[in-house]
Structure formats: C-alpha cells, structure tokens
$ cat final-v1.cif   # mmCIF, C-alpha atoms
data_entry
#
loop_
_atom_site.label_atom_id
_atom_site.label_comp_id
_atom_site.auth_asym_id
_atom_site.auth_seq_id
_atom_site.Cartn_x
_atom_site.Cartn_y
_atom_site.Cartn_z
CA MET A 25 -1.93 -23.00 -30.97
CA LYS A 26 -3.83 -19.71 -31.10
CA ILE A 27 -3.10 -17.13 -28.41
CA ASN A 28 -5.83 -14.88 -27.05
CA ILE A 29 -4.34 -11.41 -26.44
CA ASN A 30 -6.58 -11.00 -23.35
CA ASP A 31 -4.75 -13.95 -21.75
CA ILE A 32 -1.55 -11.88 -21.48
CA MET A 33 -1.49 -8.84 -19.20
CA THR A 34 0.76 -6.52 -17.24
CA THR A 35 1.17 -6.94 -13.49
CA GLN A 36 -0.99 -3.83 -13.02
CA GLU A 37 -3.84 -5.28 -15.10
CA ALA A 38 -3.56 -8.68 -13.37
CA ALA A 39 -3.77 -6.93 -10.00
CA GLU A 40 -6.96 -5.11 -11.07
CA ARG A 41 -8.56 -8.22 -12.56
CA TRP A 42 -7.89 -10.39 -9.47
CA GLY A 43 -8.27 -7.63 -6.87
CA LEU A 44 -4.65 -7.79 -5.65
CA ASN A 45 -1.90 -5.31 -4.82
CA PRO A 46 0.18 -4.51 -7.97
CA GLY A 47 3.45 -4.85 -6.03
CA SER A 48 2.45 -8.30 -4.80
CA VAL A 49 1.68 -9.42 -8.36
CA LYS A 50 5.08 -8.16 -9.56
CA HIS A 51 6.73 -10.21 -6.79
CA LEU A 52 5.05 -13.30 -8.23
CA CYS A 53 7.46 -12.84 -11.15
CA THR A 54 10.56 -11.56 -9.37
CA GLY A 55 10.35 -13.08 -5.92
CA ILE A 56 11.22 -10.97 -2.88
CA GLY A 57 14.11 -11.43 -0.50
CA LYS A 58 14.65 -15.16 -0.01
CA VAL A 59 11.21 -16.00 -1.41
CA LYS A 60 11.45 -17.39 -4.92
CA PRO A 61 9.10 -16.33 -7.74
CA ARG A 62 5.82 -18.24 -7.78
CA LEU A 63 5.26 -17.88 -11.53
CA VAL A 64 7.43 -19.82 -13.97
CA GLU A 65 9.46 -17.35 -16.04
CA GLY A 66 9.22 -18.07 -19.74
CA GLU A 67 5.94 -19.95 -19.35
CA GLU A 68 3.71 -17.87 -17.05
CA CYS A 69 5.58 -14.55 -17.03
CA ARG A 70 8.33 -12.66 -18.80
CA LYS A 71 9.82 -9.18 -18.82
CA SER A 72 9.32 -7.03 -21.91
CA GLY A 73 11.20 -3.74 -21.83
CA GLY A 74 10.74 -2.71 -18.21
CA VAL A 75 7.31 -4.33 -17.86
CA TRP A 76 6.44 -7.78 -16.52
CA LEU A 77 3.84 -9.67 -18.54
CA ILE A 78 1.78 -12.46 -16.97
CA THR A 79 -0.46 -15.13 -18.45
CA ARG A 80 -4.02 -15.74 -17.34
CA GLU A 81 -3.13 -19.41 -16.81
CA GLY A 82 -0.41 -18.46 -14.32
CA MET A 83 -2.77 -16.24 -12.35
CA GLU A 84 -5.48 -18.90 -12.38
CA ARG A 85 -3.02 -21.54 -11.15
CA LEU A 86 -2.23 -19.38 -8.10
CA TYR A 87 -5.53 -17.58 -7.44
CA GLY A 88 -8.26 -19.43 -9.30
CA LYS A 89 -10.59 -18.04 -11.95
CA GLU A 90 -10.87 -14.30 -12.35
CA GLN A 91 -13.84 -12.98 -10.38
CA PRO A 92 -16.35 -10.94 -12.38
CA LYS A 93 -16.29 -7.26 -11.55
CA GLN A 94 -18.82 -6.16 -8.96
CA THR A 95 -21.38 -3.74 -10.34
CA TYR A 96 -22.19 -0.90 -7.98
CA TYR A 97 -25.40 1.04 -8.29
CA PHE A 98 -25.87 4.69 -7.45
CA ALA A 99 -29.17 6.50 -7.04
CA GLU A 100 -29.41 10.17 -7.83
CA PHE A 101 -32.05 11.83 -5.72
CA GLN A 102 -33.56 15.06 -6.98
CA ASN A 103 -35.90 17.03 -4.76
CA ALA A 104 -38.40 19.73 -5.64
CA GLY A 105 -35.67 22.36 -5.22
CA SER A 106 -33.67 20.65 -8.01
CA TYR A 107 -30.80 19.75 -5.69
CA ARG A 108 -29.35 16.47 -6.95
CA GLN A 109 -27.00 14.09 -5.21
CA ALA A 110 -25.84 10.57 -6.09
CA GLU A 111 -25.53 8.03 -3.29
CA LYS A 112 -24.07 4.53 -3.48
CA LEU A 113 -26.67 1.83 -2.90
CA LYS A 114 -26.07 -1.47 -1.12
CA ALA A 115 -27.84 -3.36 -3.91
CA THR A 116 -26.05 -5.88 -6.12
CA SER A 117 -28.70 -6.09 -8.84
CA LEU A 118 -30.74 -3.52 -10.72
CA ARG A 119 -33.96 -4.93 -9.26
CA ALA A 120 -32.66 -4.53 -5.70
CA ALA A 121 -31.32 -1.06 -6.53
CA LYS A 122 -34.77 0.04 -7.73
CA ARG A 123 -36.36 -1.28 -4.54
CA GLU A 124 -33.82 0.45 -2.27
CA ALA A 125 -34.03 3.76 -4.15
CA SER A 126 -37.85 3.67 -4.08
CA MET A 127 -37.82 3.34 -0.29
CA ARG A 128 -35.66 6.48 -0.06
CA GLN A 129 -37.82 8.60 -2.37
CA ALA A 130 -39.19 10.94 0.28
CA PHE A 131 -40.35 14.18 -1.31
CA TYR A 132 -43.28 14.59 -3.67
CA GLY A 133 -42.06 15.67 -7.09
CA THR A 134 -38.67 14.03 -6.82
CA VAL A 135 -37.11 12.11 -9.66
CA LEU A 136 -34.88 9.07 -9.12
CA GLU A 137 -32.18 7.90 -11.49
CA ILE A 138 -30.05 4.79 -11.12
CA GLY A 139 -26.71 4.24 -12.83
CA CYS A 140 -23.38 2.48 -12.39
CA GLU A 141 -21.04 5.45 -12.90
CA VAL A 142 -20.78 8.83 -11.18
CA ASN A 143 -18.73 11.78 -12.45
CA GLU A 144 -16.47 13.98 -10.32
CA ASP A 145 -19.37 16.37 -9.60
CA GLY A 146 -21.47 13.57 -8.11
CA PHE A 147 -23.95 13.17 -10.96
CA ILE A 148 -24.86 9.84 -12.55
CA LEU A 149 -23.43 9.16 -15.98
CA ASN A 150 -25.51 7.06 -18.36
CA PRO A 151 -28.54 6.29 -16.16
CA VAL A 152 -30.02 2.81 -16.59
CA ALA A 153 -33.40 3.46 -14.90
CA ARG A 154 -35.56 6.47 -14.02
CA LYS A 155 -38.63 6.91 -11.80
CA GLU A 156 -40.94 9.77 -10.94
CA VAL A 157 -43.12 9.74 -7.82
CA GLY A 158 -46.23 7.63 -8.28
CA LYS A 159 -45.00 6.10 -11.54
CA GLN A 160 -43.31 2.86 -12.47
CA TRP A 161 -39.61 2.50 -13.11
CA LYS A 162 -38.59 3.02 -16.74
CA ASP A 163 -35.42 1.43 -18.03
CA VAL A 164 -33.33 3.92 -19.97
CA GLU A 165 -31.86 2.71 -23.24
CA VAL A 166 -28.08 2.83 -23.31
CA LYS A 167 -26.86 4.79 -26.31
#
$ encode --input "final-v1.cif" --output "structure tokens"
Amino acid sequence: MKININDIMTTQEAAERWGLNPGSVKHLCTGIGKVKPRLVEGEECRKSGGVWLITREGMERLYGKEQPKQTYYFAEFQNAGSYRQAEKLKATSLRAAKREASMRQAFYGTVLEIGCEVNEDGFILNPVARKEVGKQWKDVEVK
C-alpha cells in the first residue's frame, strides 16, 4: 500500500483545509470532557512529538470531501491622479470579476487590474487581467 504524504496532516492544516476551528479538530483526536474522541487513534490519528496527525480519510469520514478553496478576486482601481486602491469583488469567477470591475471603472484614463492576492499596502500581487478605458481586457501571463 502506497501512502500519499498529502493524506496526512496536522490538526492546524486539517482545520484550514476543511474550514474548521483548529481546537475543534484537535478535540476530534483527544475528546473533550466526557465526550470521547471521534477519530480512531492509530488508524485516523496519532500523536507525534507534541503534534496530532490526522488522515484525510478520517476527516472525510466525519466531514465529507475537502471543499476546494474559494478564489477571491480583487480589482485595483487607478484614477488619473495615480491613486490606486484594491477592493474585494463579489465575483467568484474571473469572467464575473471583469464584468463587475468594468462597471466600476468611472474615470477616463483609469486602469483596472484584477488579481487574487493583495499585499499589506493594498496593492494587487501578480495581476491576472488588466484593462484600460475603452479597451478590451487583456489576460496577464503568470510568471
């Protein structure tokens, strides 16, 4: 039997992958108060050093398949005065993000950029699409 290393994770990683509280995931292994552990120790979880490890199978038995991560889109609006600000869009696809950002493009001479990551200063990292007023969207190649 071949083991996939991505099928074994810490409680913290399992919490992130299934969108749960890390403490709640740890209690799946240890139990809490009079509540017994829900994962089978030795088969679905085990402690290594001070860290609990959990199998994907154990998490799927309790919570179902891992949900794919939601991609969020941000549009960076730049006006003629070169002031730029990234705003989170409600869109769940790049096509919808382009449509929503286009409707917000208010000033002549503005440039729109769409990306999925924003840095601490509020600027888009690695834009995936760019548009100037009166022109079509251009997809930006990811380097």
$ residues_around --input "final-v1.cif" --residues "Trp42 in chain A" --least-positions-apart "2" --cutoff "10 Å" --atoms "all atoms listed in the file" --output "PyMOL selection string"
chain A and resi 37-40+44-45+49+83-84+87-93
$ write_last_selection --input "final-v1.cif" --atoms "C-alpha atoms" --output "PDB file, in the frame of the given file"
ATOM      1  CA  GLU A  37      -3.840  -5.280 -15.100  1.00  0.00           C
ATOM      2  CA  ALA A  38      -3.560  -8.680 -13.370  1.00  0.00           C
ATOM      3  CA  ALA A  39      -3.770  -6.930 -10.000  1.00  0.00           C
ATOM      4  CA  GLU A  40      -6.960  -5.110 -11.070  1.00  0.00           C
ATOM      5  CA  LEU A  44      -4.650  -7.790  -5.650  1.00  0.00           C
ATOM      6  CA  ASN A  45      -1.900  -5.310  -4.820  1.00  0.00           C
ATOM      7  CA  VAL A  49       1.680  -9.420  -8.360  1.00  0.00           C
ATOM      8  CA  MET A  83      -2.770 -16.240 -12.350  1.00  0.00           C
ATOM      9  CA  GLU A  84      -5.480 -18.900 -12.380  1.00  0.00           C
ATOM     10  CA  TYR A  87      -5.530 -17.580  -7.440  1.00  0.00           C
ATOM     11  CA  GLY A  88      -8.260 -19.430  -9.300  1.00  0.00           C
ATOM     12  CA  LYS A  89     -10.590 -18.040 -11.950  1.00  0.00           C
ATOM     13  CA  GLU A  90     -10.870 -14.300 -12.350  1.00  0.00           C
ATOM     14  CA  GLN A  91     -13.840 -12.980 -10.380  1.00  0.00           C
ATOM     15  CA  PRO A  92     -16.350 -10.940 -12.380  1.00  0.00           C
ATOM     16  CA  LYS A  93     -16.290  -7.260 -11.550  1.00  0.00           C
TER      17      LYS A  93
END
$ resolve_selection --input "final-v1.cif" --expression "the PyMOL selection byres ((chain A and resi 69) around 9)" --output "PyMOL selection string"
chain A and resi 32+52-53+63-68+70-71+76-79+82
$ resolve_selection --input "final-v1.cif" --expression "the PyMOL selection byres ((chain A and resi 136-148) around 10)" --output "MDAnalysis selection string"
chainID A and resid 95:103 108:113 118 121:122 125:126 128:129 133:135 149:157 161:164
$ closest_residue --input "final-v1.cif" --among "A:Arg80, A:Arg62, A:Ile56, A:Gly47" --to "Asp31 in chain A" --atoms "all atoms listed in the file"
A:Arg80
$ atom_distance --input "final-v1.cif" --atom1 "CA of Pro46 in chain A" --atom2 "CA of Ile29 in chain A"
20.2 Å
$ atom_distance --input "final-v1.cif" --atom1 "CA of Ser117 in chain A" --atom2 "CA of Gly158 in chain A"
22.3 Å
$ atom_distance --input "final-v1.cif" --atom1 "CA of Arg85 in chain A" --atom2 "CA of Thr116 in chain A"
28.3 Å
